[in-house]
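As provided, work_21.cif (mmCIF, C-alpha atoms) reads as follows.
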data_coords
#
loop_
_atom_site.label_atom_id
_atom_site.label_comp_id
_atom_site.auth_asym_id
_atom_site.auth_seq_id
_atom_site.Cartn_x
_atom_site.Cartn_y
_atom_site.Cartn_z
CA MET A 1 -93.67 -161.30 168.11
CA PRO A 2 -97.04 -162.24 169.60
CA VAL A 3 -97.14 -163.60 173.12
CA PRO A 4 -97.45 -167.40 172.94
CA PRO A 5 -100.92 -168.53 173.98
CA THR A 6 -101.03 -169.95 177.49
CA SER A 7 -103.55 -172.62 176.50
CA GLY A 8 -101.87 -174.10 173.41
CA ARG A 9 -100.88 -173.32 169.87
CA LEU A 10 -101.41 -170.41 167.54
CA GLN A 11 -104.43 -170.86 165.30
CA TRP A 12 -104.87 -170.36 161.54
CA THR A 13 -106.65 -167.05 162.21
CA ASP A 14 -103.57 -165.82 164.13
CA VAL A 15 -101.49 -166.03 160.94
CA PRO A 16 -101.28 -162.65 159.13
CA ALA A 17 -103.79 -162.34 156.29
CA LEU A 18 -101.00 -161.69 153.78
CA LEU A 19 -99.29 -164.99 154.56
CA ARG A 20 -102.60 -166.86 154.55
CA ALA A 21 -103.34 -165.43 151.10
CA ARG A 22 -99.88 -166.35 149.86
CA LEU A 23 -100.30 -169.92 151.06
CA GLU A 24 -103.70 -170.25 149.42
CA ASP A 25 -102.30 -168.84 146.18
CA ALA A 26 -99.35 -171.27 146.24
CA LEU A 27 -101.62 -174.20 147.03
CA GLY A 28 -104.09 -173.20 144.34
CA SER A 29 -107.15 -173.38 146.57
CA PRO A 30 -108.61 -171.55 149.59
CA VAL A 31 -108.29 -173.02 153.07
CA THR A 32 -111.72 -174.06 154.37
CA ASP A 33 -110.71 -175.67 157.67
CA ALA A 34 -107.71 -175.89 159.99
CA VAL A 35 -107.38 -178.57 162.66
CA THR A 36 -104.63 -178.65 165.28
CA PRO A 37 -103.82 -182.27 166.17
CA PRO A 38 -103.37 -183.22 169.82
CA GLY A 39 -99.89 -183.62 171.28
CA GLY A 40 -96.73 -181.55 171.05
CA PHE A 41 -95.54 -178.72 173.25
CA GLY A 42 -94.79 -175.81 170.90
CA HIS A 43 -96.90 -172.64 170.56
CA GLN A 44 -96.55 -172.16 166.78
CA LEU A 45 -99.27 -172.89 164.25
CA ALA A 46 -99.13 -176.61 163.52
CA ALA A 47 -102.32 -177.56 161.71
CA ALA A 48 -103.83 -179.79 159.07
CA LEU A 49 -105.35 -177.49 156.46
CA THR A 50 -108.28 -178.62 154.34
CA LEU A 51 -108.54 -176.91 150.95
CA ALA A 52 -111.69 -176.10 149.00
CA ASP A 53 -110.76 -178.68 146.36
CA GLY A 54 -110.63 -181.45 149.00
CA ARG A 55 -106.86 -181.74 149.36
CA ARG A 56 -105.17 -181.57 152.76
CA VAL A 57 -101.72 -180.30 153.73
CA PHE A 58 -99.92 -179.76 157.02
CA ALA A 59 -98.55 -176.30 157.82
CA LYS A 60 -96.30 -174.88 160.51
CA ALA A 61 -95.97 -171.12 160.88
CA ALA A 62 -94.56 -168.56 163.31
CA PRO A 63 -93.17 -165.01 163.25
CA ASP A 64 -89.64 -164.70 161.87
CA ASP A 65 -88.31 -163.56 165.25
CA ASP A 66 -89.74 -166.62 167.00
CA PRO A 67 -87.08 -169.31 167.61
CA LEU A 68 -89.52 -171.92 166.31
CA THR A 69 -89.21 -170.43 162.82
CA ASP A 70 -85.54 -171.42 162.69
CA ALA A 71 -86.56 -174.90 163.82
CA ASN A 72 -89.22 -175.09 161.09
CA VAL A 73 -86.78 -174.00 158.38
CA HIS A 74 -84.26 -176.52 159.69
CA GLU A 75 -86.90 -179.24 159.47
CA ALA A 76 -87.64 -178.26 155.88
CA ALA A 77 -83.95 -178.61 154.96
CA VAL A 78 -83.87 -182.02 156.66
CA LEU A 79 -86.94 -183.27 154.81
CA ARG A 80 -85.32 -182.26 151.50
CA SER A 81 -82.16 -184.20 152.35
CA LEU A 82 -83.41 -187.51 153.75
CA PRO A 83 -82.65 -190.62 151.70
CA PRO A 84 -85.36 -192.27 149.58
CA GLY A 85 -87.57 -194.50 151.67
CA ALA A 86 -86.96 -192.63 154.94
CA PRO A 87 -90.07 -192.66 157.16
CA ALA A 88 -90.84 -188.95 156.68
CA PRO A 89 -93.43 -186.81 154.86
CA ASP A 90 -92.60 -184.86 151.71
CA LEU A 91 -91.78 -181.15 151.91
CA LEU A 92 -94.19 -179.11 149.76
CA GLY A 93 -92.79 -175.62 150.20
CA ILE A 94 -91.63 -172.68 152.32
CA HIS A 95 -93.55 -169.38 152.15
CA ARG A 96 -92.81 -166.00 153.71
CA ALA A 97 -94.89 -162.85 154.15
CA ALA A 98 -95.58 -160.17 156.78
CA ASP A 99 -92.44 -161.17 158.72
CA TRP A 100 -93.78 -164.70 159.20
CA THR A 101 -92.61 -167.99 157.68
CA ALA A 102 -94.71 -171.06 156.93
CA VAL A 103 -93.46 -174.54 156.07
CA VAL A 104 -95.93 -176.77 154.22
CA ILE A 105 -95.61 -180.55 154.41
CA ALA A 106 -97.56 -183.41 152.85
CA HIS A 107 -100.52 -184.41 155.00
CA LEU A 108 -100.43 -187.87 156.56
CA ASP A 109 -103.75 -189.62 156.98
CA GLY A 110 -104.00 -191.64 160.15
CA PRO A 111 -103.68 -191.64 163.95
CA HIS A 112 -100.59 -191.62 166.11
CA PRO A 113 -99.19 -195.13 166.50
CA ASP A 114 -100.35 -197.28 169.38
CA PHE A 115 -97.37 -198.44 171.45
CA SER A 116 -99.33 -200.52 173.94
CA PRO A 117 -98.16 -204.15 174.25
CA PRO A 118 -100.87 -205.73 172.02
CA SER A 119 -100.14 -203.40 169.07
CA ALA A 120 -97.75 -204.13 166.18
CA ASP A 121 -96.86 -200.43 165.80
CA ALA A 122 -93.88 -200.66 168.14
CA GLU A 123 -92.43 -203.58 166.18
CA GLN A 124 -92.74 -201.64 162.91
CA THR A 125 -91.09 -198.61 164.50
CA TRP A 126 -88.13 -200.66 165.73
CA ALA A 127 -87.73 -202.07 162.19
CA LEU A 128 -87.74 -198.53 160.77
CA LEU A 129 -85.04 -197.48 163.25
CA ASP A 130 -82.91 -200.45 162.25
CA LYS A 131 -83.20 -199.49 158.57
CA LEU A 132 -82.66 -195.78 159.21
CA THR A 133 -79.48 -196.26 161.26
CA SER A 134 -77.93 -199.27 159.52
CA SER A 135 -75.66 -197.10 157.36
CA PRO A 136 -74.12 -193.62 157.61
CA ALA A 137 -76.28 -190.62 156.80
CA PRO A 138 -76.03 -189.35 153.20
CA ALA A 139 -73.88 -186.28 152.58
CA SER A 140 -76.93 -184.13 151.78
CA TYR A 141 -78.42 -184.87 155.18
CA ALA A 142 -75.14 -184.26 157.02
CA THR A 143 -74.86 -180.88 155.30
CA ALA A 144 -78.45 -179.96 156.23
CA VAL A 145 -78.09 -180.76 159.93
CA ASN A 146 -74.52 -179.60 160.46
CA SER A 147 -75.56 -175.99 159.88
CA THR A 148 -77.57 -176.14 163.13
CA PRO A 149 -75.71 -177.08 166.33
CA SER A 150 -77.10 -180.16 168.04
CA THR A 151 -78.12 -179.88 171.68
CA THR A 152 -78.06 -183.64 172.22
CA ALA A 153 -74.54 -183.73 173.66
CA ALA A 154 -75.50 -181.09 176.25
CA LEU A 155 -78.28 -183.13 177.87
CA HIS A 156 -77.72 -183.32 181.63
CA GLY A 157 -79.41 -182.93 184.99
CA TRP A 158 -78.02 -185.49 187.44
CA ASP A 159 -75.01 -183.25 188.04
CA GLU A 160 -77.24 -180.48 189.40
CA LEU A 161 -79.38 -182.90 191.39
CA LEU A 162 -76.24 -184.46 192.90
CA ALA A 163 -75.03 -181.03 194.02
CA ASN A 164 -78.36 -180.25 195.67
CA PRO A 165 -80.54 -183.38 195.99
CA PRO A 166 -84.27 -182.55 196.24
CA THR A 167 -86.03 -183.98 199.27
CA ASP A 168 -88.65 -185.64 197.07
CA LEU A 169 -86.17 -187.38 194.76
CA ALA A 170 -87.27 -190.96 194.08
CA PRO A 171 -85.35 -193.57 196.13
CA ALA A 172 -84.24 -195.34 192.93
CA ALA A 173 -82.55 -192.09 191.86
CA ARG A 174 -81.23 -191.12 195.29
CA ASP A 175 -79.57 -194.53 195.80
CA ARG A 176 -77.74 -194.26 192.45
CA LEU A 177 -77.29 -190.50 192.21
CA LYS A 178 -73.48 -190.54 192.08
CA GLN A 179 -73.46 -193.37 189.52
CA LEU A 180 -76.07 -191.64 187.36
CA ALA A 181 -74.06 -188.40 187.41
CA GLU A 182 -70.92 -190.32 186.35
CA LEU A 183 -72.74 -192.02 183.48
CA GLU A 184 -74.17 -188.68 182.38
CA ALA A 185 -70.70 -187.09 182.49
CA ALA A 186 -69.45 -189.70 180.02
CA TRP A 187 -72.14 -188.91 177.46
CA PRO A 188 -70.63 -185.81 175.74
CA GLY A 189 -67.55 -187.83 174.79
CA LEU A 190 -69.74 -190.51 173.22
CA ALA A 191 -72.31 -188.26 171.56
CA HIS A 192 -70.74 -188.02 168.12
CA GLY A 193 -71.62 -190.26 165.20
CA ASP A 194 -72.59 -190.37 161.54
CA ARG A 195 -76.11 -191.83 161.68
CA ILE A 196 -79.44 -190.11 161.07
CA VAL A 197 -80.99 -189.00 164.37
CA HIS A 198 -84.58 -187.73 164.51
CA GLY A 199 -83.93 -186.36 167.98
CA ASP A 200 -87.45 -186.22 169.42
CA LEU A 201 -89.06 -189.59 168.83
CA ARG A 202 -92.41 -190.01 170.60
CA ALA A 203 -95.79 -191.35 169.49
CA ASP A 204 -97.11 -187.81 168.98
CA ASN A 205 -94.23 -187.17 166.57
CA MET A 206 -95.32 -190.10 164.42
CA VAL A 207 -98.37 -190.90 162.30
CA ARG A 208 -99.58 -194.34 161.30
CA ASP A 209 -100.49 -193.33 157.75
CA HIS A 210 -103.10 -195.51 156.05
CA HIS A 211 -100.80 -195.94 153.04
CA LEU A 212 -97.24 -195.48 154.36
CA GLY A 213 -97.53 -197.08 157.79
CA VAL A 214 -95.66 -195.53 160.72
CA THR A 215 -94.02 -192.29 159.59
CA PHE A 216 -91.86 -189.92 161.64
CA VAL A 217 -92.84 -186.23 161.72
CA ASP A 218 -91.44 -183.11 163.39
CA TRP A 219 -87.80 -183.40 162.28
CA ALA A 220 -86.91 -180.00 163.79
CA HIS A 221 -84.35 -181.56 166.17
CA ALA A 222 -82.70 -183.80 163.57
CA THR A 223 -78.95 -184.22 163.78
CA THR A 224 -76.25 -186.83 163.34
CA GLY A 225 -75.00 -189.03 166.14
CA PRO A 226 -74.69 -192.60 167.39
CA ALA A 227 -77.23 -195.09 166.06
CA CYS A 228 -78.61 -195.67 169.56
CA ILE A 229 -80.11 -192.23 170.25
CA ASP A 230 -83.58 -192.61 168.75
CA ALA A 231 -84.01 -196.18 169.94
CA ALA A 232 -82.97 -195.24 173.47
CA SER A 233 -85.26 -192.16 173.38
CA LEU A 234 -88.19 -194.31 172.28
CA ALA A 235 -87.67 -196.93 174.99
CA PRO A 236 -89.16 -194.90 177.91
CA GLN A 237 -92.13 -194.05 175.69
CA LEU A 238 -92.92 -197.76 175.41
CA ILE A 239 -92.82 -198.07 179.20
CA LEU A 240 -95.28 -195.17 179.43
CA ALA A 241 -97.48 -197.10 176.96
CA GLY A 242 -97.61 -200.13 179.25
CA HIS A 243 -94.57 -202.27 178.48
CA ALA A 244 -92.59 -203.72 181.39
CA PRO A 245 -89.20 -202.00 181.94
CA ALA A 246 -87.43 -205.39 181.98
CA ASP A 247 -88.88 -206.25 178.56
CA ILE A 248 -87.72 -202.94 177.07
CA ALA A 249 -84.29 -203.38 178.64
CA ARG A 250 -84.00 -206.73 176.85
CA LEU A 251 -85.14 -205.13 173.60
CA LEU A 252 -82.40 -202.50 173.85
CA ARG A 253 -79.86 -205.23 174.58
CA ASP A 254 -80.77 -207.01 171.33
CA HIS A 255 -81.75 -204.28 168.85
CA PRO A 256 -79.08 -203.54 166.19
CA ALA A 257 -79.16 -199.79 166.88
CA THR A 258 -78.24 -200.26 170.54
CA ALA A 259 -76.67 -203.70 170.90
CA SER A 260 -73.33 -202.70 169.39
CA SER A 261 -72.83 -199.75 171.79
CA PRO A 262 -74.22 -200.61 175.23
CA GLU A 263 -72.01 -198.08 177.05
CA THR A 264 -73.12 -195.27 174.73
CA THR A 265 -76.75 -196.30 175.07
CA THR A 266 -76.59 -196.30 178.88
CA ALA A 267 -74.75 -192.97 179.01
CA PHE A 268 -77.31 -191.37 176.71
CA LEU A 269 -80.21 -192.78 178.74
CA ALA A 270 -78.63 -191.39 181.89
CA ALA A 271 -78.20 -187.93 180.35
CA LEU A 272 -81.73 -187.90 178.89
CA THR A 273 -83.31 -189.07 182.14
CA GLY A 274 -81.31 -186.52 184.12
CA HIS A 275 -82.52 -183.82 181.74
CA TRP A 276 -86.13 -184.90 182.35
CA HIS A 277 -85.70 -185.11 186.13
CA ARG A 278 -84.17 -181.64 186.33
CA ASN A 279 -86.49 -179.89 183.86
CA ALA A 280 -89.65 -181.43 185.29
CA ARG A 281 -88.99 -179.35 188.42
CA GLN A 282 -88.86 -176.04 186.52
CA PRO A 283 -91.80 -173.67 185.92
CA ALA A 284 -93.84 -174.48 182.83
CA PRO A 285 -92.76 -172.44 179.80
CA PRO A 286 -95.37 -170.20 178.12
CA GLY A 287 -97.53 -172.02 175.60
CA ALA A 288 -96.55 -175.52 176.74
CA PRO A 289 -98.78 -176.38 179.70
CA GLY A 290 -98.36 -180.14 179.28
CA LEU A 291 -94.57 -180.23 179.08
CA ARG A 292 -93.65 -180.52 182.78
CA PRO A 293 -96.22 -183.27 183.55
CA TYR A 294 -94.93 -185.22 180.55
CA GLN A 295 -91.34 -184.82 181.75
CA HIS A 296 -92.32 -186.12 185.21
CA ARG A 297 -93.78 -189.27 183.62
CA ALA A 298 -90.90 -189.73 181.19
CA ALA A 299 -88.34 -189.26 183.98
CA ALA A 300 -89.94 -192.06 186.01
CA ALA A 301 -90.02 -194.37 182.98
CA GLY A 302 -86.41 -193.61 182.08
CA LEU A 303 -85.27 -194.23 185.65
CA ALA A 304 -87.09 -197.60 185.71
CA LEU A 305 -85.33 -198.58 182.48
CA LEU A 306 -81.92 -197.47 183.77
CA SER A 307 -82.46 -199.43 186.98
CA CYS A 308 -82.97 -202.57 184.88
CA ARG A 309 -79.82 -201.90 182.86
CA LEU A 310 -77.70 -201.20 185.94
CA SER A 311 -78.94 -204.08 188.09
#
Take the structure in the file and give it back as structure tokens.
Amino acid sequence: MPVPPTSGRLQWTDVPALLRARLEDALGSPVTDAVTPPGGFGHQLAAALTLADGRRVFAKAAPDDDPLTDANVHEAAVLRSLPPGAPAPDLLGIHRAADWTAVVIAHLDGPHPDFSPPSADAEQTWALLDKLTSSPAPASYATAVNSTPSTTAALHGWDELLANPPTDLAPAARDRLKQLAELEAAWPGLAHGDRIVHGDLRADNMVRDHHLGVTFVDWAHATTGPACIDAASLAPQLILAGHAPADIARLLRDHPATASSPETTTAFLAALTGHWHRNARQPAPPGAPGLRPYQHRAAAAGLALLSCRLS
């Protein structure tokens, strides 16, 4: 397996020639350009490919012994199983050669959504989450995700910080450290459910397609769980985009995905924020130089939101 690049993702030219040829043969046209979009933290190839006939597709590829290949194949199974009308791109194919695997997905044409307060993208996203979680996941989806264990229930961090509080821990966290650890400890018992969960909902895992509107991408962490998970995960992202924590706390209080289970929502937020606070203090993993700075920002936003909920 190649060493992940320290500055970002694998490029199209890093993919073995045999797999590149197989992809071009399957797509019926040579690749003339490959563009890696901004955002994300993985080291695999994740690029929009332009073909000689003018079509565009999106491809992810990595060596078969890279853990990201399992995630890519899992995402492909999820995309096949989502119900009609789900905010996700179409799967175009899976291709293997030279001990590498590539997953090809329909290209979405548009930018990442804008979650700043003046934009309507956040409102559309909340409506999509309401629709996506309003009924149990179909059997095909449950089968696709149940073959891969979910890591959602294992999110934690406050327990370790409580045992050895860092000297630079924010006062808002230090003053509530025992309470946050107790909320986090309740999360595993509440983590089970039958709703579709994207599992990694951020603006850079969405595209505002010119035809489809806001669409969720990167379903590699998809699972089943309580309806609140994606909405609660998205909430700190809106704070990072400029929304006031008190406004987002009110939104979570009223949104259908979170209003019916306030205890579960708060426990999940505590576990997710603890995970960010703990991991942000770890060394940066290879090939993901932006991950720890993002986790620092997300941890602060999540703590601000929790403070509003617990006040």
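The residue that comes closest to Gly213 in chain A, out of A:Leu18, A:Leu128, A:Leu10, A:Ala47 and on the basis of all atoms listed in the file, is A:Leu128.
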With all atoms listed in the file as the counted atoms, please give the residues lying no more than 6 Å from range 263-272 of chain A, apart from itself and same-chain residues fewer than 5 positions off, as a tab-separated table (two decimals) with C-alpha atoms, in the coordinates of the input.
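Below you can see part04.tsv, which holds the result:
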chain	number	residue	atom	x	y	z
A	155	LEU	CA	-78.28	-183.13	177.87
A	156	HIS	CA	-77.72	-183.32	181.63
A	183	LEU	CA	-72.74	-192.02	183.48
A	184	GLU	CA	-74.17	-188.68	182.38
A	187	TRP	CA	-72.14	-188.91	177.46
A	228	CYS	CA	-78.61	-195.67	169.56
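The shortest atom-to-atom distance to Leu240 in chain A, with only C-alpha atoms taken into account, belongs to A:Ala298 out of A:Ala298, A:Ala172, A:Leu306, A:Leu108.
The shortest atom-to-atom distance to Ala48 in chain A, with all atoms listed in the file taken into account, belongs to A:Ala106 out of A:Leu82, A:Ile239, A:Ala106, A:Leu92.
Distance annotation: of A:Ala34, A:Ser29, A:Thr273, A:Trp100, the residue with the minimal separation from Pro16 in chain A is A:Trp100; atom set is all atoms listed in the file.
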* Contacts of Arg20 in chain A at 10 Å or less, counting all atoms listed in the file, minus same-chain residues fewer than 6 places along, as number ranges by chain? -> A: 12-14, 26, 30-31, 95-98, 102
* To do: Please write the residues picked by the PyMOL selection byres ((chain A and resi 245) around 8) on this file as a list in words.
  => Ile239, His243, Ala244, Ala246, Asp247, Ile248, Ala249, Ala301, Ala304, Leu305 and Cys308 of chain A
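Across the chains present, the PyMOL selection byres ((chain A and resi 134) around 12) applied to this file returns Ala127, Leu128, Leu129, Asp130, Lys131, Leu132, Thr133, Ser135, Pro136, Ala137, Pro138, Asp194, Arg195, Ile196, Val197, Pro226, Ala227, Cys228, His255, Pro256, Ala257, Thr258 and Ser260 of chain A.
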* To do: Pull out every residue that the PyMOL selection byres ((chain A and resi 63) around 8) matches in the shown coordinates and put them as a ChimeraX atom specification.
  => /A:1-2,61-62,64-66,69,99-101
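Take CA of Pro89 in chain A and CA of Phe216 in chain A: the distance between them is 7.6 Å.
Going from CA of Gly93 in chain A to CA of Leu49 in chain A covers 14.2 Å.
Between CA of His74 in chain A and CA of Thr148 in chain A the separation is 7.5 Å.
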* Structure fact -> Of A:Leu91, A:Val207, A:Ala46, A:Leu51, the one sitting nearest Arg9 in chain A when using all atoms listed in the file is A:Ala46
* Asked: Which is closest to Lys178 in chain A among A:Ala191, A:Gly290, A:Ala300, A:Leu162, if we use all atoms listed in the file?
  -> A:Leu162
* To do: Tell me, as an MDAnalysis selection string, which residues lie within 9 Å of His296 in chain A, counting all atoms listed in the file; anything in the same chain fewer than 3 positions away does not count.
  => chainID A and resid 276:277 279:281 291:293 299:301
Store the residues of this selection in a file with C-alpha atoms, as a PDB file, in the frame of the given file.
ATOM      1  CA  TRP A 276     -86.130-184.900 182.350  1.00  0.00           C
ATOM      2  CA  HIS A 277     -85.700-185.110 186.130  1.00  0.00           C
ATOM      3  CA  ASN A 279     -86.490-179.890 183.860  1.00  0.00           C
ATOM      4  CA  ALA A 280     -89.650-181.430 185.290  1.00  0.00           C
ATOM      5  CA  ARG A 281     -88.990-179.350 188.420  1.00  0.00           C
ATOM      6  CA  LEU A 291     -94.570-180.230 179.080  1.00  0.00           C
ATOM      7  CA  ARG A 292     -93.650-180.520 182.780  1.00  0.00           C
ATOM      8  CA  PRO A 293     -96.220-183.270 183.550  1.00  0.00           C
ATOM      9  CA  ALA A 299     -88.340-189.260 183.980  1.00  0.00           C
ATOM     10  CA  ALA A 300     -89.940-192.060 186.010  1.00  0.00           C
ATOM     11  CA  ALA A 301     -90.020-194.370 182.980  1.00  0.00           C
TER      12      ALA A 301
END
Taking all atoms of range 57-70 of chain A that appear in the file, build a box with edges along x, y and z, extend it by 3 Å on every side, and state its centre and edge lengths in Å to one decimal, as JSON.
{"center_x": -93.6, "center_y": -171.9, "center_z": 160.7, "size_x": 22.2, "size_y": 22.7, "size_z": 19.9}
